[in-house]
file entry06.cif (mmCIF, C-alpha atoms)
data_run
loop_
_atom_site.label_atom_id
_atom_site.label_comp_id
_atom_site.auth_asym_id
_atom_site.auth_seq_id
_atom_site.Cartn_x
_atom_site.Cartn_y
_atom_site.Cartn_z
CA MET L 1 140.74 69.04 143.00
CA THR L 2 143.54 69.12 145.54
CA ASP L 3 144.06 69.96 149.18
CA TYR L 4 147.74 69.91 150.12
CA GLY L 5 146.93 70.00 153.82
CA HIS L 6 148.86 73.13 154.80
CA ASP L 7 147.82 75.27 157.71
CA LEU L 8 146.16 78.47 156.50
CA LEU L 9 148.02 81.77 156.40
CA PHE L 10 146.52 85.24 155.96
CA GLY L 11 148.20 88.51 155.09
CA THR L 12 148.31 91.81 153.26
CA PHE L 13 149.85 93.06 150.01
CA VAL L 14 150.91 96.65 150.65
CA THR L 15 151.78 99.26 148.03
CA PRO L 16 155.04 100.92 149.18
CA THR L 17 154.10 104.45 148.10
CA ALA L 18 156.78 106.91 149.19
CA LYS L 19 154.43 109.87 149.65
CA ASN L 20 152.29 107.78 152.02
CA ALA L 21 155.19 106.19 153.89
CA GLU L 22 153.54 106.50 157.29
CA HIS L 23 150.41 104.75 156.03
CA VAL L 24 152.56 101.99 154.57
CA LEU L 25 154.08 101.40 158.00
CA ASP L 26 150.66 101.70 159.65
CA MET L 27 149.47 98.91 157.34
CA ALA L 28 152.33 96.69 158.50
CA VAL L 29 151.55 97.40 162.15
CA ALA L 30 147.81 96.87 161.57
CA THR L 31 148.51 93.53 159.90
CA ASP L 32 150.55 92.49 162.92
CA ARG L 33 147.98 93.68 165.47
CA ALA L 34 145.15 92.02 163.58
CA GLY L 35 146.82 88.66 164.23
CA LEU L 36 147.51 88.01 160.55
CA ASP L 37 150.51 86.00 159.43
CA LEU L 38 152.11 87.94 156.59
CA VAL L 39 152.77 91.49 155.47
CA THR L 40 154.21 91.76 151.97
CA PHE L 41 155.33 94.64 149.76
CA GLN L 42 155.68 95.06 146.03
CA ASP L 43 159.27 95.34 144.82
CA HIS L 44 159.75 97.61 141.81
CA PRO L 45 163.15 99.32 142.30
CA TYR L 46 162.75 101.25 139.03
CA GLN L 47 159.55 102.92 140.29
CA PRO L 48 160.51 106.34 141.73
CA ALA L 49 157.17 106.73 143.50
CA PHE L 50 157.89 103.68 145.66
CA LEU L 51 160.01 103.18 148.74
CA ASP L 52 162.90 100.77 148.34
CA THR L 53 161.39 97.46 149.40
CA SER L 54 164.52 96.02 151.02
CA THR L 55 164.82 99.09 153.24
CA LEU L 56 161.10 99.04 153.97
CA LEU L 57 161.18 95.38 154.98
CA ALA L 58 163.87 96.05 157.56
CA PHE L 59 162.05 99.09 158.93
CA ALA L 60 158.71 97.25 159.07
CA ALA L 61 160.32 94.30 160.82
CA ALA L 62 161.51 96.66 163.55
CA ARG L 63 157.98 98.07 163.93
CA THR L 64 156.23 94.69 164.24
CA GLU L 65 156.45 91.73 166.60
CA ASN L 66 154.85 88.57 165.23
CA VAL L 67 153.97 88.94 161.56
CA HIS L 68 156.24 87.45 158.89
CA LEU L 69 157.49 89.73 156.11
CA SER L 70 158.29 89.24 152.44
CA ALA L 71 158.77 91.07 149.19
CA ASN L 72 155.96 90.23 146.82
CA VAL L 73 158.11 89.54 144.89
CA ALA L 74 161.81 90.53 145.03
CA ASN L 75 163.08 91.84 141.69
CA LEU L 76 165.99 89.49 141.00
CA PRO L 77 167.53 91.38 138.05
CA LEU L 78 168.23 94.37 140.33
CA ARG L 79 169.09 92.35 143.45
CA PRO L 80 172.09 90.02 142.88
CA PRO L 81 171.38 86.60 144.38
CA ALA L 82 174.40 86.33 146.67
CA VAL L 83 173.68 89.75 148.17
CA LEU L 84 169.97 88.93 148.36
CA ALA L 85 170.78 85.71 150.24
CA ARG L 86 172.83 87.54 152.86
CA ALA L 87 170.24 90.30 153.18
CA ALA L 88 167.47 87.73 153.65
CA ALA L 89 169.43 85.81 156.28
CA SER L 90 170.32 89.02 158.08
CA LEU L 91 166.73 90.22 158.23
CA ASP L 92 165.60 86.79 159.36
CA ILE L 93 168.10 86.90 162.23
CA LEU L 94 167.21 90.46 163.22
CA SER L 95 163.45 89.78 163.11
CA GLY L 96 163.64 86.53 165.08
CA GLY L 97 162.85 84.25 162.15
CA ARG L 98 160.09 86.27 160.50
CA PHE L 99 161.35 86.70 156.95
CA GLU L 100 160.31 84.74 153.84
CA LEU L 101 161.74 85.24 150.35
CA GLY L 102 159.26 85.94 147.62
CA ILE L 103 161.19 86.18 144.35
CA GLY L 104 160.50 86.71 140.67
CA ALA L 105 162.45 86.52 137.43
CA GLY L 106 161.64 90.12 136.48
CA GLY L 107 159.27 91.48 133.89
CA PHE L 108 159.56 95.18 133.12
CA TRP L 109 162.83 94.72 131.27
CA ASP L 110 163.18 98.22 129.80
CA ALA L 111 162.75 99.73 133.26
CA ILE L 112 165.21 97.21 134.69
CA ALA L 113 167.76 98.11 132.01
CA ALA L 114 167.24 101.81 132.73
CA MET L 115 168.38 101.12 136.32
CA GLY L 116 171.53 99.35 135.14
CA GLY L 117 170.15 95.82 135.17
CA ARG L 118 170.49 93.24 132.44
CA LYS L 119 167.69 93.08 129.88
CA LEU L 120 166.78 89.43 129.37
CA THR L 121 164.16 87.57 127.41
CA PRO L 122 161.51 85.75 129.47
CA GLY L 123 163.24 82.44 128.75
CA GLN L 124 166.60 83.80 129.84
CA GLY L 125 164.93 85.14 132.99
CA VAL L 126 163.80 81.65 133.96
CA THR L 127 167.31 80.27 133.57
CA ALA L 128 168.73 83.17 135.58
CA LEU L 129 166.21 82.60 138.37
CA LYS L 130 167.12 78.91 138.54
CA GLU L 131 170.78 79.81 138.94
CA ALA L 132 169.94 82.46 141.55
CA ILE L 133 167.91 80.10 143.71
CA GLN L 134 170.79 77.62 143.66
CA ILE L 135 173.22 80.30 144.84
CA ILE L 136 170.84 81.52 147.55
CA ARG L 137 170.31 78.03 148.94
CA GLU L 138 174.03 77.32 148.84
CA LEU L 139 174.84 80.45 150.88
CA TRP L 140 172.24 79.49 153.48
CA ASP L 141 173.63 75.94 153.75
CA VAL L 142 176.19 76.80 156.41
CA ASP L 143 176.70 73.16 157.47
CA ASN L 144 178.30 72.35 154.13
CA PRO L 145 182.09 72.76 154.57
CA GLU L 146 182.70 73.37 150.86
CA ILE L 147 182.96 76.84 149.40
CA VAL L 148 180.11 77.87 147.13
CA ARG L 149 180.73 77.32 143.45
CA VAL L 150 177.95 77.88 140.94
CA ASP L 151 178.98 78.43 137.33
CA GLY L 152 175.82 79.73 135.73
CA GLU L 153 175.20 81.48 132.46
CA TYR L 154 173.83 84.58 134.19
CA TYR L 155 174.92 84.24 137.83
CA THR L 156 178.06 82.78 139.31
CA ALA L 157 179.51 82.26 142.76
CA ARG L 158 183.13 81.17 142.75
CA GLY L 159 184.52 80.79 146.20
CA ALA L 160 181.86 82.60 148.21
CA LYS L 161 181.73 81.70 151.89
CA ARG L 162 178.48 80.45 153.35
CA GLY L 163 176.39 82.32 155.89
CA PRO L 164 175.10 83.83 157.95
CA ARG L 165 172.74 81.09 159.09
CA PRO L 166 169.09 82.22 158.91
CA ALA L 167 167.12 82.06 162.14
CA HIS L 168 164.66 79.63 160.53
CA ASP L 169 164.27 77.78 157.23
CA ILE L 170 163.38 80.71 154.98
CA ALA L 171 160.79 79.74 152.38
CA ILE L 172 161.39 80.70 148.77
CA TRP L 173 158.07 81.59 147.13
CA VAL L 174 158.25 82.02 143.36
CA GLY L 175 156.08 84.45 141.43
CA ALA L 176 155.15 82.33 138.39
CA TYR L 177 152.55 82.21 135.62
CA LYS L 178 154.01 80.65 132.47
CA PRO L 179 154.76 76.92 132.04
CA ARG L 180 158.56 77.05 132.52
CA MET L 181 158.24 79.20 135.63
CA LEU L 182 155.61 76.84 137.07
CA GLU L 183 157.96 73.91 136.43
CA LEU L 184 160.80 75.77 138.12
CA THR L 185 158.51 76.41 141.09
CA GLY L 186 157.75 72.73 141.41
CA ALA L 187 161.38 71.69 141.04
CA MET L 188 162.99 74.28 143.34
CA GLY L 189 160.47 76.46 145.16
CA ASP L 190 158.83 76.23 148.57
CA GLY L 191 155.78 78.08 147.32
CA TRP L 192 153.91 79.39 144.29
CA LEU L 193 153.11 83.10 144.67
CA PRO L 194 150.85 84.46 141.91
CA THR L 195 148.23 87.19 141.90
CA LEU L 196 144.92 85.52 141.03
CA GLU L 197 143.81 88.37 138.80
CA TYR L 198 146.94 87.90 136.65
CA ILE L 199 146.27 84.21 136.00
CA GLU L 200 144.77 83.94 132.55
CA GLY L 201 141.47 82.17 133.08
CA GLY L 202 141.40 82.91 136.80
CA LEU L 203 140.63 80.28 139.40
CA ALA L 204 139.45 77.79 136.77
CA ARG L 205 143.03 77.51 135.49
CA VAL L 206 144.60 76.89 138.89
CA PRO L 207 144.18 73.07 138.76
CA ASP L 208 146.14 72.96 135.49
CA ALA L 209 148.90 75.08 137.00
CA ASN L 210 148.92 72.93 140.13
CA ALA L 211 149.27 69.82 137.99
CA ARG L 212 152.28 71.29 136.18
CA ILE L 213 153.92 72.25 139.49
CA ASP L 214 153.17 68.82 140.96
CA ALA L 215 154.61 66.98 137.96
CA ALA L 216 157.80 69.02 138.10
CA ALA L 217 158.09 68.43 141.85
CA ALA L 218 157.66 64.68 141.42
CA GLU L 219 160.22 64.61 138.60
CA ALA L 220 162.68 66.37 140.91
CA GLY L 221 162.07 63.76 143.61
CA ARG L 222 160.03 66.08 145.78
CA ASP L 223 156.61 65.79 147.38
CA PRO L 224 154.23 68.17 145.55
CA ALA L 225 152.81 69.11 148.96
CA ASP L 226 156.18 70.71 149.75
CA VAL L 227 155.13 73.60 147.50
CA ARG L 228 152.71 75.89 149.34
CA ARG L 229 150.23 77.84 147.20
CA VAL L 230 150.39 81.49 148.31
CA PHE L 231 147.91 83.71 146.46
CA ASN L 232 147.42 87.46 146.19
CA PHE L 233 143.88 88.80 145.78
CA MET L 234 143.58 92.42 144.69
CA ARG L 235 139.88 92.99 143.92
CA VAL L 236 138.56 92.39 147.39
CA GLY L 237 136.14 94.16 149.67
CA PHE L 238 133.46 93.79 152.29
CA ALA L 239 129.87 94.42 151.22
CA PRO L 240 126.36 93.53 152.47
CA SER L 241 125.83 91.11 149.58
CA GLU L 242 128.14 88.87 147.59
CA ARG L 243 129.70 90.58 144.57
CA GLY L 244 132.47 88.18 143.64
CA LEU L 245 135.40 86.23 145.00
CA LEU L 246 136.43 87.71 148.38
CA ASN L 247 133.99 90.55 147.79
CA GLY L 248 130.94 90.47 150.01
CA PRO L 249 130.03 89.73 153.63
CA PRO L 250 132.58 87.98 155.89
CA GLU L 251 130.71 84.68 155.77
CA ALA L 252 131.04 84.65 151.97
CA TRP L 253 134.79 85.28 152.28
CA VAL L 254 135.02 82.31 154.65
CA ASP L 255 133.19 80.03 152.21
CA HIS L 256 135.38 81.18 149.31
CA ILE L 257 138.57 80.60 151.28
CA ALA L 258 137.46 77.14 152.39
CA ASP L 259 136.62 76.22 148.80
CA MET L 260 140.01 77.41 147.54
CA ALA L 261 141.85 75.60 150.32
CA LEU L 262 140.02 72.30 149.98
CA ASN L 263 139.56 72.18 146.20
CA TYR L 264 142.32 74.31 144.70
CA GLY L 265 145.17 73.81 147.15
CA VAL L 266 145.50 77.48 148.14
CA SER L 267 146.69 77.83 151.73
CA ALA L 268 147.87 81.43 152.03
CA PHE L 269 145.55 84.33 151.26
CA ILE L 270 147.10 87.78 150.83
CA ILE L 271 144.79 90.73 150.17
CA GLY L 272 145.48 94.09 148.56
CA GLY L 273 143.66 97.33 149.08
CA ASP L 274 145.91 99.16 151.56
CA ASP L 275 142.89 99.50 153.86
CA ILE L 276 143.47 99.30 157.61
CA ALA L 277 139.79 98.76 158.48
CA MET L 278 139.53 95.91 155.97
CA THR L 279 142.74 94.41 157.35
CA GLU L 280 141.35 94.48 160.88
CA ARG L 281 138.10 92.89 159.77
CA PHE L 282 139.99 90.26 157.78
CA GLY L 283 141.85 89.29 160.95
CA ALA L 284 138.86 89.40 163.28
CA GLU L 285 135.98 88.02 161.23
CA VAL L 286 137.45 85.99 158.37
CA ALA L 287 140.73 84.31 159.29
CA PRO L 288 139.58 82.53 162.49
CA ALA L 289 136.31 81.37 160.93
CA ALA L 290 138.04 80.14 157.77
CA ARG L 291 140.58 78.17 159.81
CA GLU L 292 137.76 76.60 161.82
CA LEU L 293 135.72 75.67 158.74
CA VAL L 294 138.67 74.14 156.90
CA ALA L 295 139.74 72.18 159.97
CA ARG L 296 136.19 70.87 160.37
CA GLU L 297 135.95 69.83 156.73
CA ARG L 298 139.36 68.17 156.80
CA GLY L 299 138.31 66.23 159.89
CA ARG L 300 135.39 64.61 158.14
#
call {"tool": "encode", "arguments": {"input": "entry06.cif", "output": "structure tokens"}}
result
Amino acid sequence: MTDYGHDLLFGTFVTPTAKNAEHVLDMAVATDRAGLDLVTFQDHPYQPAFLDTSTLLAFAAARTENVHLSANVANLPLRPPAVLARAAASLDILSGGRFELGIGAGGFWDAIAAMGGRKLTPGQGVTALKEAIQIIRELWDVDNPEIVRVDGEYYTARGAKRGPRPAHDIAIWVGAYKPRMLELTGAMGDGWLPTLEYIEGGLARVPDANARIDAAAAEAGRDPADVRRVFNFMRVGFAPSERGLLNGPPEAWVDHIADMALNYGVSAFIIGGDDIAMTERFGAEVAPAARELVARERGR
């Protein structure tokens, strides 16, 4: 069991439904006012019922003050990496350093192709994501006097100029589940961003995934603790009695979070549900108590 020692972060996973656009923005504002750390939005550009996530992120940034924002996760096949890098840096500057880059290789390939994107196999998607992350980091590295040159199989940058400089070191959080994606996360990512309910085997399989990420990080000459574990939780709720993981009274949530932080390495907890009252309670009754409990246990 592993504790990577990161400070705890708490946030929301918001469905960007176009017909409920005002509620989507209200969720972002509520997340901010509740004192939480992150507001994140799904990114499915082929879904006509959804707002465009890149546009939504900019609008939500203008409506909030302290909370950090991210796609959860950005759909790389429909967002070219060089353009994504500049968009991310721009939003980070405009928001005062409050943007993080959640990114994925893509998955709904027929829908991606229907929007004009390239239909890749899962293996090709991993290679493409590796090339994209290299390009993104190169464009952010404004202190390097050389022009950007990446000759990838799926993405290239031949002579691109660097910049603009982000307002802070933007984290790249990778949505990953399969072995090659986990290895890529360890080698190149700043965070692992899965949804717990999508991990085959659930929480019991997290140590195995952590070990694969850690081994890849070490092989790349990195400290495994450099990779933050950022988890989405979708089946959550408050109830008088405990019903499951993050489903029960606030004190049960606190115990679950402490266990995941201290024994499974999870340090960022993002909840779904699109519920403002639950968001407010998460910020008031869970996040401060969980931070206090984990700090106390780490101090022993």
call {"tool": "residues_near_point", "arguments": {"input": "entry06.cif", "point": "(150.1, 74.9, 158.9)", "cutoff": "10 Å", "atoms": "all atoms listed in the file", "output": "JSON, numbers by chain"}}
result
{"L": [5, 6, 7, 8, 9, 228, 267, 268]}
call {"tool": "atom_distance", "arguments": {"input": "entry06.cif", "atom1": "atom CA of L:Asp110", "atom2": "atom CA of L:Tyr46"}}
result
9.7 Å
call {"tool": "resolve_selection", "arguments": {"input": "entry06.cif", "expression": "the PyMOL selection byres ((chain L and resi 285-291) around 9)", "output": "list in words"}}
result
Asp7, Leu8, Leu9, Phe10, Gly35, Leu36, Pro250, Glu251, Trp253, Val254, Asp255, His256, Ile257, Ala258, Glu280, Arg281, Phe282, Gly283, Ala284, Glu292, Leu293, Val294, Ala295 and Arg296 of chain L
call {"tool": "write_last_selection", "arguments": {"input": "entry06.cif", "atoms": "C-alpha atoms", "output": "compact mmCIF listing (two decimals), keeping the file's coordinate frame"}}
result
# COMPACT_ATOMS: atom_id res chain seq x y z
CA ASP L 7 147.82 75.27 157.71
CA LEU L 8 146.16 78.47 156.50
CA LEU L 9 148.02 81.77 156.40
CA PHE L 10 146.52 85.24 155.96
CA GLY L 35 146.82 88.66 164.23
CA LEU L 36 147.51 88.01 160.55
CA PRO L 250 132.58 87.98 155.89
CA GLU L 251 130.71 84.68 155.77
CA TRP L 253 134.79 85.28 152.28
CA VAL L 254 135.02 82.31 154.65
CA ASP L 255 133.19 80.03 152.21
CA HIS L 256 135.38 81.18 149.31
CA ILE L 257 138.57 80.60 151.28
CA ALA L 258 137.46 77.14 152.39
CA GLU L 280 141.35 94.48 160.88
CA ARG L 281 138.10 92.89 159.77
CA PHE L 282 139.99 90.26 157.78
CA GLY L 283 141.85 89.29 160.95
CA ALA L 284 138.86 89.40 163.28
CA GLU L 292 137.76 76.60 161.82
CA LEU L 293 135.72 75.67 158.74
CA VAL L 294 138.67 74.14 156.90
CA ALA L 295 139.74 72.18 159.97
CA ARG L 296 136.19 70.87 160.37
call {"tool": "closest_residue", "arguments": {"input": "entry06.cif", "among": "L:Val227, L:Ala105, L:Met278, L:Met260", "to": "L:Leu120", "atoms": "all atoms listed in the file"}}
result
L:Ala105
call {"tool": "resolve_selection", "arguments": {"input": "entry06.cif", "expression": "the PyMOL selection byres ((chain L and resi 61) around 9)", "output": "list in words"}}
result
Ala28, Leu56, Leu57, Ala58, Phe59, Ala60, Ala62, Arg63, Thr64, Glu65, Val67, His68, Leu69, Leu91, Leu94, Ser95, Arg98 and Phe99 of chain L
